[in-house]
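Dumped final-v4.txt below, it's compact mmCIF, N, CA and C atoms:
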```txt
# COMPACT_ATOMS: atom_id res chain seq x y z
N MET H 20 0.82 -1.19 0.00
CA MET H 20 0.00 0.00 0.00
C MET H 20 0.87 1.26 0.00
N TYR H 21 1.90 1.26 0.84
CA TYR H 21 2.80 2.40 0.92
C TYR H 21 3.46 2.67 -0.43
N LYS H 22 3.93 1.59 -1.08
CA LYS H 22 4.59 1.73 -2.38
C LYS H 22 3.62 2.31 -3.42
N PHE H 23 2.38 1.84 -3.38
CA PHE H 23 1.37 2.34 -4.32
C PHE H 23 1.15 3.84 -4.10
N LEU H 24 1.00 4.25 -2.85
CA LEU H 24 0.77 5.66 -2.55
C LEU H 24 1.98 6.52 -2.93
N LYS H 25 3.16 6.01 -2.65
CA LYS H 25 4.38 6.75 -2.98
C LYS H 25 4.55 6.89 -4.49
N ARG H 26 4.28 5.81 -5.21
CA ARG H 26 4.43 5.80 -6.67
C ARG H 26 3.39 6.68 -7.36
N ASN H 27 2.20 6.82 -6.76
CA ASN H 27 1.09 7.54 -7.40
C ASN H 27 0.71 8.83 -6.68
N ASN H 28 1.57 9.34 -5.80
CA ASN H 28 1.17 10.48 -4.97
C ASN H 28 0.79 11.72 -5.77
N LYS H 29 1.51 12.02 -6.84
CA LYS H 29 1.19 13.19 -7.66
C LYS H 29 -0.16 13.00 -8.35
N GLN H 30 -0.39 11.81 -8.86
CA GLN H 30 -1.64 11.51 -9.54
C GLN H 30 -2.82 11.55 -8.56
N ILE H 31 -2.63 11.03 -7.36
CA ILE H 31 -3.69 11.05 -6.34
C ILE H 31 -3.99 12.49 -5.94
N PHE H 32 -2.96 13.30 -5.77
CA PHE H 32 -3.16 14.72 -5.44
C PHE H 32 -3.96 15.41 -6.54
N ARG H 33 -3.60 15.18 -7.78
CA ARG H 33 -4.32 15.78 -8.90
C ARG H 33 -5.77 15.31 -8.95
N PHE H 34 -5.98 14.03 -8.64
CA PHE H 34 -7.33 13.47 -8.59
C PHE H 34 -8.18 14.21 -7.55
N LEU H 35 -7.61 14.44 -6.37
CA LEU H 35 -8.33 15.14 -5.31
C LEU H 35 -8.62 16.59 -5.68
N VAL H 36 -7.64 17.28 -6.25
CA VAL H 36 -7.83 18.68 -6.67
C VAL H 36 -8.90 18.76 -7.76
N SER H 37 -8.82 17.88 -8.75
CA SER H 37 -9.81 17.92 -9.83
C SER H 37 -11.20 17.56 -9.31
N GLY H 38 -11.26 16.69 -8.30
CA GLY H 38 -12.55 16.36 -7.68
C GLY H 38 -13.17 17.57 -6.99
N LEU H 39 -12.35 18.36 -6.33
CA LEU H 39 -12.86 19.57 -5.68
C LEU H 39 -13.35 20.58 -6.73
N ILE H 40 -12.62 20.70 -7.81
CA ILE H 40 -13.03 21.62 -8.88
C ILE H 40 -14.33 21.13 -9.52
N ALA H 41 -14.41 19.84 -9.82
CA ALA H 41 -15.63 19.28 -10.42
C ALA H 41 -16.82 19.43 -9.49
N SER H 42 -16.60 19.22 -8.20
CA SER H 42 -17.67 19.39 -7.22
C SER H 42 -18.14 20.83 -7.16
N SER H 43 -17.22 21.77 -7.33
CA SER H 43 -17.58 23.19 -7.36
C SER H 43 -18.46 23.49 -8.57
N PHE H 44 -18.09 22.97 -9.72
CA PHE H 44 -18.91 23.15 -10.92
C PHE H 44 -20.28 22.52 -10.72
N ASN H 45 -20.30 21.34 -10.12
CA ASN H 45 -21.56 20.66 -9.82
C ASN H 45 -22.46 21.57 -8.98
N PHE H 46 -21.91 22.08 -7.89
CA PHE H 46 -22.70 22.90 -6.97
C PHE H 46 -23.15 24.21 -7.61
N ILE H 47 -22.25 24.86 -8.34
CA ILE H 47 -22.61 26.14 -8.99
C ILE H 47 -23.73 25.93 -10.00
N SER H 48 -23.63 24.87 -10.81
CA SER H 48 -24.69 24.57 -11.78
C SER H 48 -25.99 24.26 -11.07
N TYR H 49 -25.90 23.42 -10.04
CA TYR H 49 -27.08 23.04 -9.25
C TYR H 49 -27.76 24.29 -8.68
N ARG H 50 -26.98 25.13 -8.05
CA ARG H 50 -27.55 26.32 -7.40
C ARG H 50 -28.17 27.27 -8.43
N ALA H 51 -27.45 27.53 -9.51
CA ALA H 51 -27.97 28.46 -10.53
C ALA H 51 -29.27 27.94 -11.14
N LEU H 52 -29.29 26.67 -11.50
CA LEU H 52 -30.49 26.12 -12.12
C LEU H 52 -31.65 26.04 -11.13
N TYR H 53 -31.34 25.78 -9.87
CA TYR H 53 -32.41 25.76 -8.88
C TYR H 53 -33.00 27.16 -8.71
N LEU H 54 -32.14 28.17 -8.67
CA LEU H 54 -32.63 29.54 -8.52
C LEU H 54 -33.45 29.99 -9.74
N ILE H 55 -33.08 29.53 -10.92
CA ILE H 55 -33.79 29.91 -12.14
C ILE H 55 -35.10 29.15 -12.29
N PHE H 56 -35.06 27.83 -12.16
CA PHE H 56 -36.23 26.99 -12.48
C PHE H 56 -37.02 26.50 -11.26
N LYS H 57 -36.43 26.62 -10.07
CA LYS H 57 -37.10 26.16 -8.83
C LYS H 57 -37.48 24.68 -8.88
N ASN H 58 -36.67 23.88 -9.58
CA ASN H 58 -36.91 22.45 -9.69
C ASN H 58 -35.66 21.73 -9.18
N ILE H 59 -35.73 21.18 -7.97
CA ILE H 59 -34.55 20.60 -7.34
C ILE H 59 -34.06 19.34 -8.04
N LEU H 60 -34.97 18.54 -8.57
CA LEU H 60 -34.56 17.32 -9.26
C LEU H 60 -33.80 17.65 -10.54
N PHE H 61 -34.34 18.54 -11.35
CA PHE H 61 -33.67 18.97 -12.57
C PHE H 61 -32.30 19.58 -12.25
N ALA H 62 -32.27 20.44 -11.25
CA ALA H 62 -31.03 21.11 -10.88
C ALA H 62 -29.98 20.12 -10.39
N SER H 63 -30.40 19.15 -9.58
CA SER H 63 -29.42 18.19 -9.05
C SER H 63 -28.90 17.25 -10.14
N ILE H 64 -29.76 16.81 -11.04
CA ILE H 64 -29.31 15.94 -12.13
C ILE H 64 -28.37 16.69 -13.06
N PHE H 65 -28.75 17.89 -13.45
CA PHE H 65 -27.90 18.67 -14.36
C PHE H 65 -26.57 19.03 -13.68
N GLY H 66 -26.62 19.40 -12.40
CA GLY H 66 -25.40 19.71 -11.67
C GLY H 66 -24.48 18.52 -11.60
N TYR H 67 -25.04 17.34 -11.31
CA TYR H 67 -24.25 16.12 -11.24
C TYR H 67 -23.60 15.81 -12.60
N CYS H 68 -24.38 15.95 -13.66
CA CYS H 68 -23.85 15.71 -15.01
C CYS H 68 -22.73 16.69 -15.35
N THR H 69 -22.89 17.94 -14.94
CA THR H 69 -21.84 18.94 -15.15
C THR H 69 -20.56 18.54 -14.41
N GLY H 70 -20.73 18.11 -13.17
CA GLY H 70 -19.58 17.67 -12.38
C GLY H 70 -18.87 16.48 -13.00
N ILE H 71 -19.65 15.52 -13.50
CA ILE H 71 -19.07 14.34 -14.16
C ILE H 71 -18.27 14.75 -15.39
N LEU H 72 -18.84 15.63 -16.20
CA LEU H 72 -18.15 16.07 -17.42
C LEU H 72 -16.84 16.79 -17.08
N VAL H 73 -16.88 17.70 -16.12
CA VAL H 73 -15.67 18.41 -15.71
C VAL H 73 -14.64 17.43 -15.15
N SER H 74 -15.10 16.50 -14.35
CA SER H 74 -14.21 15.49 -13.77
C SER H 74 -13.55 14.65 -14.86
N PHE H 75 -14.33 14.25 -15.86
CA PHE H 75 -13.79 13.45 -16.97
C PHE H 75 -12.71 14.23 -17.72
N ILE H 76 -12.98 15.48 -18.01
CA ILE H 76 -12.02 16.31 -18.76
C ILE H 76 -10.71 16.44 -17.98
N PHE H 77 -10.82 16.75 -16.68
CA PHE H 77 -9.61 16.85 -15.85
C PHE H 77 -8.88 15.51 -15.78
N ALA H 78 -9.63 14.43 -15.62
CA ALA H 78 -9.00 13.11 -15.51
C ALA H 78 -8.25 12.76 -16.78
N LYS H 79 -8.86 13.01 -17.91
CA LYS H 79 -8.25 12.65 -19.19
C LYS H 79 -7.03 13.51 -19.50
N LEU H 80 -7.14 14.82 -19.25
CA LEU H 80 -6.08 15.74 -19.67
C LEU H 80 -5.02 16.01 -18.61
N TRP H 81 -5.37 15.90 -17.33
CA TRP H 81 -4.44 16.33 -16.29
C TRP H 81 -4.09 15.23 -15.29
N VAL H 82 -5.06 14.50 -14.80
CA VAL H 82 -4.79 13.51 -13.75
C VAL H 82 -4.07 12.29 -14.31
N PHE H 83 -4.67 11.66 -15.31
CA PHE H 83 -4.11 10.42 -15.86
C PHE H 83 -3.37 10.66 -17.17
N LYS H 84 -3.46 11.88 -17.70
CA LYS H 84 -2.78 12.24 -18.95
C LYS H 84 -2.92 11.13 -19.97
N ASN H 85 -4.16 10.80 -20.23
CA ASN H 85 -4.50 9.66 -21.06
C ASN H 85 -3.98 9.82 -22.48
N SER H 86 -3.16 8.88 -22.88
CA SER H 86 -2.62 8.91 -24.24
C SER H 86 -2.94 7.62 -24.99
N ASN H 87 -3.78 6.77 -24.40
CA ASN H 87 -4.09 5.52 -25.10
C ASN H 87 -5.01 5.79 -26.28
N ARG H 88 -5.23 4.78 -27.07
CA ARG H 88 -6.03 4.93 -28.28
C ARG H 88 -7.48 4.48 -28.06
N GLN H 89 -7.88 4.35 -26.82
CA GLN H 89 -9.24 3.94 -26.51
C GLN H 89 -10.20 5.03 -26.99
N PRO H 90 -11.25 4.66 -27.70
CA PRO H 90 -12.19 5.68 -28.20
C PRO H 90 -12.79 6.51 -27.06
N LEU H 91 -12.99 7.79 -27.34
CA LEU H 91 -13.50 8.72 -26.34
C LEU H 91 -14.84 8.26 -25.78
N VAL H 92 -15.73 7.78 -26.62
CA VAL H 92 -17.05 7.34 -26.17
C VAL H 92 -16.93 6.17 -25.20
N LYS H 93 -16.05 5.21 -25.50
CA LYS H 93 -15.86 4.06 -24.61
C LYS H 93 -15.27 4.52 -23.28
N SER H 94 -14.27 5.38 -23.34
CA SER H 94 -13.63 5.87 -22.13
C SER H 94 -14.63 6.63 -21.26
N PHE H 95 -15.45 7.48 -21.87
CA PHE H 95 -16.44 8.25 -21.14
C PHE H 95 -17.54 7.35 -20.57
N SER H 96 -17.95 6.35 -21.33
CA SER H 96 -18.98 5.42 -20.85
C SER H 96 -18.49 4.65 -19.64
N LEU H 97 -17.26 4.16 -19.69
CA LEU H 97 -16.68 3.46 -18.54
C LEU H 97 -16.56 4.38 -17.33
N PHE H 98 -16.16 5.61 -17.59
CA PHE H 98 -16.02 6.61 -16.54
C PHE H 98 -17.37 6.84 -15.84
N CYS H 99 -18.43 7.01 -16.62
CA CYS H 99 -19.77 7.22 -16.05
C CYS H 99 -20.22 6.00 -15.26
N LEU H 100 -19.96 4.82 -15.77
CA LEU H 100 -20.34 3.59 -15.07
C LEU H 100 -19.59 3.49 -13.73
N ILE H 101 -18.32 3.78 -13.75
CA ILE H 101 -17.50 3.74 -12.52
C ILE H 101 -18.05 4.71 -11.49
N TYR H 102 -18.37 5.93 -11.92
CA TYR H 102 -18.88 6.94 -10.98
C TYR H 102 -20.29 6.61 -10.51
N PHE H 103 -21.09 5.99 -11.35
CA PHE H 103 -22.43 5.54 -10.94
C PHE H 103 -22.31 4.48 -9.85
N LEU H 104 -21.44 3.50 -10.08
CA LEU H 104 -21.21 2.45 -9.08
C LEU H 104 -20.61 3.03 -7.80
N GLY H 105 -19.72 4.00 -7.95
CA GLY H 105 -19.14 4.66 -6.78
C GLY H 105 -20.20 5.39 -5.96
N GLY H 106 -21.17 5.99 -6.64
CA GLY H 106 -22.27 6.67 -5.95
C GLY H 106 -23.13 5.70 -5.17
N ILE H 107 -23.41 4.55 -5.77
CA ILE H 107 -24.19 3.51 -5.07
C ILE H 107 -23.40 3.00 -3.87
N GLU H 108 -22.14 2.72 -4.10
CA GLU H 108 -21.25 2.24 -3.04
C GLU H 108 -21.20 3.23 -1.87
N MET H 109 -21.04 4.51 -2.20
CA MET H 109 -20.99 5.55 -1.18
C MET H 109 -22.29 5.57 -0.38
N SER H 110 -23.42 5.51 -1.06
CA SER H 110 -24.72 5.54 -0.38
C SER H 110 -24.89 4.35 0.56
N LEU H 111 -24.48 3.17 0.10
CA LEU H 111 -24.61 1.98 0.95
C LEU H 111 -23.71 2.05 2.18
N VAL H 112 -22.49 2.56 2.00
CA VAL H 112 -21.58 2.71 3.13
C VAL H 112 -22.14 3.72 4.13
N ILE H 113 -22.69 4.82 3.63
CA ILE H 113 -23.29 5.83 4.51
C ILE H 113 -24.42 5.21 5.32
N LEU H 114 -25.29 4.48 4.66
CA LEU H 114 -26.40 3.84 5.37
C LEU H 114 -25.90 2.87 6.44
N PHE H 115 -24.94 2.05 6.08
CA PHE H 115 -24.40 1.04 7.00
C PHE H 115 -23.71 1.69 8.20
N ILE H 116 -22.80 2.62 7.94
CA ILE H 116 -22.05 3.27 9.02
C ILE H 116 -22.99 4.07 9.92
N ASN H 117 -23.95 4.74 9.32
CA ASN H 117 -24.89 5.51 10.13
C ASN H 117 -25.72 4.62 11.04
N LYS H 118 -26.07 3.43 10.56
CA LYS H 118 -26.79 2.47 11.42
C LYS H 118 -25.91 2.02 12.59
N LEU H 119 -24.60 1.87 12.32
CA LEU H 119 -23.68 1.41 13.37
C LEU H 119 -23.42 2.46 14.45
N ILE H 120 -23.16 3.70 14.01
CA ILE H 120 -22.72 4.71 14.97
C ILE H 120 -23.70 5.88 15.14
N ASP H 121 -24.73 5.94 14.32
CA ASP H 121 -25.74 7.00 14.39
C ASP H 121 -25.12 8.39 14.33
N ASN H 122 -24.24 8.59 13.33
CA ASN H 122 -23.62 9.89 13.11
C ASN H 122 -23.50 10.08 11.59
N TYR H 123 -24.42 10.85 11.02
CA TYR H 123 -24.48 10.99 9.57
C TYR H 123 -23.26 11.70 8.98
N LYS H 124 -22.60 12.55 9.75
CA LYS H 124 -21.42 13.26 9.24
C LYS H 124 -20.24 12.31 9.07
N ILE H 125 -19.98 11.53 10.09
CA ILE H 125 -18.89 10.55 10.01
C ILE H 125 -19.23 9.48 8.98
N ALA H 126 -20.49 9.09 8.91
CA ALA H 126 -20.91 8.11 7.90
C ALA H 126 -20.64 8.65 6.50
N TRP H 127 -20.91 9.94 6.29
CA TRP H 127 -20.66 10.54 4.98
C TRP H 127 -19.17 10.52 4.66
N LEU H 128 -18.33 10.83 5.63
CA LEU H 128 -16.88 10.81 5.39
C LEU H 128 -16.39 9.43 4.96
N PHE H 129 -16.87 8.39 5.65
CA PHE H 129 -16.49 7.02 5.27
C PHE H 129 -17.01 6.70 3.87
N GLY H 130 -18.25 7.08 3.59
CA GLY H 130 -18.83 6.83 2.27
C GLY H 130 -18.06 7.55 1.17
N ALA H 131 -17.71 8.81 1.43
CA ALA H 131 -16.95 9.59 0.44
C ALA H 131 -15.58 8.97 0.21
N LEU H 132 -14.95 8.48 1.27
CA LEU H 132 -13.64 7.84 1.13
C LEU H 132 -13.74 6.59 0.25
N ILE H 133 -14.70 5.74 0.53
CA ILE H 133 -14.87 4.51 -0.25
C ILE H 133 -15.24 4.83 -1.70
N GLY H 134 -16.14 5.79 -1.89
CA GLY H 134 -16.51 6.19 -3.25
C GLY H 134 -15.33 6.76 -4.02
N SER H 135 -14.52 7.57 -3.35
CA SER H 135 -13.35 8.17 -4.00
C SER H 135 -12.32 7.12 -4.39
N ILE H 136 -12.10 6.15 -3.51
CA ILE H 136 -11.16 5.07 -3.83
C ILE H 136 -11.66 4.29 -5.05
N ASN H 137 -12.95 3.98 -5.07
CA ASN H 137 -13.56 3.29 -6.21
C ASN H 137 -13.36 4.11 -7.49
N ASN H 138 -13.63 5.40 -7.43
CA ASN H 138 -13.55 6.24 -8.62
C ASN H 138 -12.10 6.39 -9.11
N TYR H 139 -11.17 6.52 -8.18
CA TYR H 139 -9.76 6.64 -8.57
C TYR H 139 -9.26 5.35 -9.23
N LEU H 140 -9.46 4.23 -8.56
CA LEU H 140 -8.96 2.96 -9.09
C LEU H 140 -9.67 2.57 -10.39
N GLY H 141 -10.97 2.78 -10.45
CA GLY H 141 -11.71 2.48 -11.67
C GLY H 141 -11.26 3.34 -12.84
N SER H 142 -11.04 4.62 -12.57
CA SER H 142 -10.57 5.50 -13.64
C SER H 142 -9.16 5.11 -14.08
N LYS H 143 -8.30 4.84 -13.11
CA LYS H 143 -6.91 4.50 -13.41
C LYS H 143 -6.78 3.22 -14.22
N TYR H 144 -7.54 2.19 -13.82
CA TYR H 144 -7.35 0.87 -14.43
C TYR H 144 -8.38 0.49 -15.48
N LEU H 145 -9.44 1.26 -15.64
CA LEU H 145 -10.45 0.95 -16.67
C LEU H 145 -10.62 2.06 -17.69
N SER H 146 -10.97 3.25 -17.23
CA SER H 146 -11.24 4.34 -18.17
C SER H 146 -9.99 4.85 -18.85
N PHE H 147 -8.90 4.96 -18.11
CA PHE H 147 -7.68 5.59 -18.64
C PHE H 147 -6.47 4.69 -18.55
N LYS H 148 -6.68 3.39 -18.71
CA LYS H 148 -5.56 2.44 -18.59
C LYS H 148 -4.56 2.60 -19.70
```
Go through the file and emit its structure as structure tokens.
Amino acid sequence: MYKFLKRNNKQIFRFLVSGLIASSFNFISYRALYLIFKNILFASIFGYCTGILVSFIFAKLWVFKNSNRQPLVKSFSLFCLIYFLGGIEMSLVILFINKLIDNYKIAWLFGALIGSINNYLGSKYLSFK
């Protein structure tokens, strides 16, 4: 584990920074659309899609510096699938941890950690291998 972290520390740092940027785009889009249309479902879906797109662009161009010949559509489809599964995984971990300790904040942190690990490894070894 230590060797993996040491070997990939720059890439992991970039992944975290790009995640914060993508989350900011997600929230800004969500908030703007909610204020304009007053529809929380539309705003949250569009915001999430915006965040995914920004995350994909950063991952391809900056985090993993993808130079393989994998078609863009395939790479993006795998990326979306990985993040969808990561979202489900995060939700399940949150539910489980919250049942154990009855603290939704700590449960969210554990869920976010597991989801982030899923998204990083999936992107590294599937979307941008």
*Test item: residues at most 7 Å from Phe46 (chain H), only N, CA and C atoms, excluding those fewer than 4 positions along its chain, as an MDAnalysis selection string*: chainID H and resid 41:42 50:51 66:67 70
What's the 7 Å shell around region 92-94 of chain H, counting only N, CA and C atoms, without same-chain residues fewer than 2 positions away, as a list in words?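 After dropping sequence-adjacent residues, the list is Gln89, Pro90, Ser96, Leu97, Phe98, Cys99, Leu145, Ser146 and Phe147 of chain H.
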Item checked: Residues near Ser63 (chain H), cut-off 8 Å, all atoms listed in the file, skip fewer than 6 positions along chain, as an MDAnalysis selection string -> chainID H and resid 45 48:50 52:53 69
Please write the residues from the selection above to a file, keeping N, CA and C atoms, as an mmCIF file, in the frame of the given file.
```cif
data_model
loop_
_atom_site.group_PDB
_atom_site.id
_atom_site.type_symbol
_atom_site.label_atom_id
_atom_site.label_comp_id
_atom_site.auth_asym_id
_atom_site.auth_seq_id
_atom_site.Cartn_x
_atom_site.Cartn_y
_atom_site.Cartn_z
ATOM 1 N N ASN H 45 -20.300 21.340 -10.120
ATOM 2 C CA ASN H 45 -21.560 20.660 -9.820
ATOM 3 C C ASN H 45 -22.460 21.570 -8.980
ATOM 4 N N SER H 48 -23.630 24.870 -10.810
ATOM 5 C CA SER H 48 -24.690 24.570 -11.780
ATOM 6 C C SER H 48 -25.990 24.260 -11.070
ATOM 7 N N TYR H 49 -25.900 23.420 -10.040
ATOM 8 C CA TYR H 49 -27.080 23.040 -9.250
ATOM 9 C C TYR H 49 -27.760 24.290 -8.680
ATOM 10 N N ARG H 50 -26.980 25.130 -8.050
ATOM 11 C CA ARG H 50 -27.550 26.320 -7.400
ATOM 12 C C ARG H 50 -28.170 27.270 -8.430
ATOM 13 N N LEU H 52 -29.290 26.670 -11.500
ATOM 14 C CA LEU H 52 -30.490 26.120 -12.120
ATOM 15 C C LEU H 52 -31.650 26.040 -11.130
ATOM 16 N N TYR H 53 -31.340 25.780 -9.870
ATOM 17 C CA TYR H 53 -32.410 25.760 -8.880
ATOM 18 C C TYR H 53 -33.000 27.160 -8.710
ATOM 19 N N THR H 69 -22.890 17.940 -14.940
ATOM 20 C CA THR H 69 -21.840 18.940 -15.150
ATOM 21 C C THR H 69 -20.560 18.540 -14.410
#
```
Which one is closest to Ile71 (chain H): H:Leu119, H:Leu91, H:Leu100, H:Leu132? Count only C-alpha atoms.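 Among the listed residues, H:Leu100 lies closest to Ile71 (chain H).
If you look at atom N of Val73 (chain H) and atom N of Phe23 (chain H), they are 28.0 Å away from each other.
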Restricting to only C-alpha atoms, whichever of H:Tyr123, H:Phe115, H:Phe77, H:Tyr21 is closest to Leu39 (chain H) is H:Phe77
**Message:** Just the number, please: distance in Å from CA of Leu72 (chain H) to CA of Gly105 (chain H), one decimal.
**Reply:**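 CA of Leu72 (chain H) sits 15.6 Å away from CA of Gly105 (chain H).
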Can you tell me how far atom C of Ala78 (chain H) sits from CA of Leu140 (chain H), in Å to one decimal?
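Rounded to one decimal, the two atoms are 12.5 Å apart.
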Nearest-residue call for Leu35 (chain H), choices H:Val82, H:Leu54, H:Ile116, H:Leu111, using only C-alpha atoms: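 Of H:Val82, H:Leu54, H:Ile116, H:Leu111, the one nearest Leu35 (chain H) is H:Val82, counting only C-alpha atoms.
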Residue among H:Ile101, H:Val112, H:Arg26, H:Phe65 lying closest to Ile125 (chain H), counting only C-alpha atoms
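Closest to Ile125 (chain H), using only C-alpha atoms: H:Val112.
Proximity to Phe34 (chain H) was assessed for H:Phe75, H:Tyr139, H:Phe129, H:Tyr102 counting only C-alpha atoms; the smallest distance is recorded for H:Tyr139.
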Kindly list the centre and edge lengths in Å, rounded to one decimal, for the axis-aligned box that covers all listed atoms of region 69-84 of chain H plus 5 Å on each of its six sides, as AutoDock Vina command-line options.
```
--center_x -12.8 --center_y 14.7 --center_z -16.2 --size_x 30.1 --size_y 18.5 --size_z 17.6
```
> Which residues come within 7 Å of Glu108 (chain H), counting only N, CA and C atoms, excluding same-chain residues fewer than 4 positions away, as a list in words?
Replying inline: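 Once the adjacent positions are removed, what remains is Phe103, Leu104, Val112, Ile113, Gly130, Ile133 and Gly134 of chain H.
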Could you take the residues named above and write them with N, CA and C atoms, as a compact mmCIF listing (two decimals), in the frame of the given file?
```
# COMPACT_ATOMS: atom_id res chain seq x y z
N PHE H 103 -21.09 5.99 -11.35
CA PHE H 103 -22.43 5.54 -10.94
C PHE H 103 -22.31 4.48 -9.85
N LEU H 104 -21.44 3.50 -10.08
CA LEU H 104 -21.21 2.45 -9.08
C LEU H 104 -20.61 3.03 -7.80
N VAL H 112 -22.49 2.56 2.00
CA VAL H 112 -21.58 2.71 3.13
C VAL H 112 -22.14 3.72 4.13
N ILE H 113 -22.69 4.82 3.63
CA ILE H 113 -23.29 5.83 4.51
C ILE H 113 -24.42 5.21 5.32
N GLY H 130 -18.25 7.08 3.59
CA GLY H 130 -18.83 6.83 2.27
C GLY H 130 -18.06 7.55 1.17
N ILE H 133 -14.70 5.74 0.53
CA ILE H 133 -14.87 4.51 -0.25
C ILE H 133 -15.24 4.83 -1.70
N GLY H 134 -16.14 5.79 -1.89
CA GLY H 134 -16.51 6.19 -3.25
C GLY H 134 -15.33 6.76 -4.02
```
Considering all atoms listed in the file, can you say which of H:Ser74, H:Leu114, H:Phe83, H:Lys57 comes closest to Lys143 (chain H)?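 The answer is H:Phe83, which sits nearest to Lys143 (chain H).
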- Message: Let's see if you can do this: from backbone DSSP, list all alpha helix (DSSP H) residues in region 20-118 of chain H, as a count of residues only.
- Response: 82
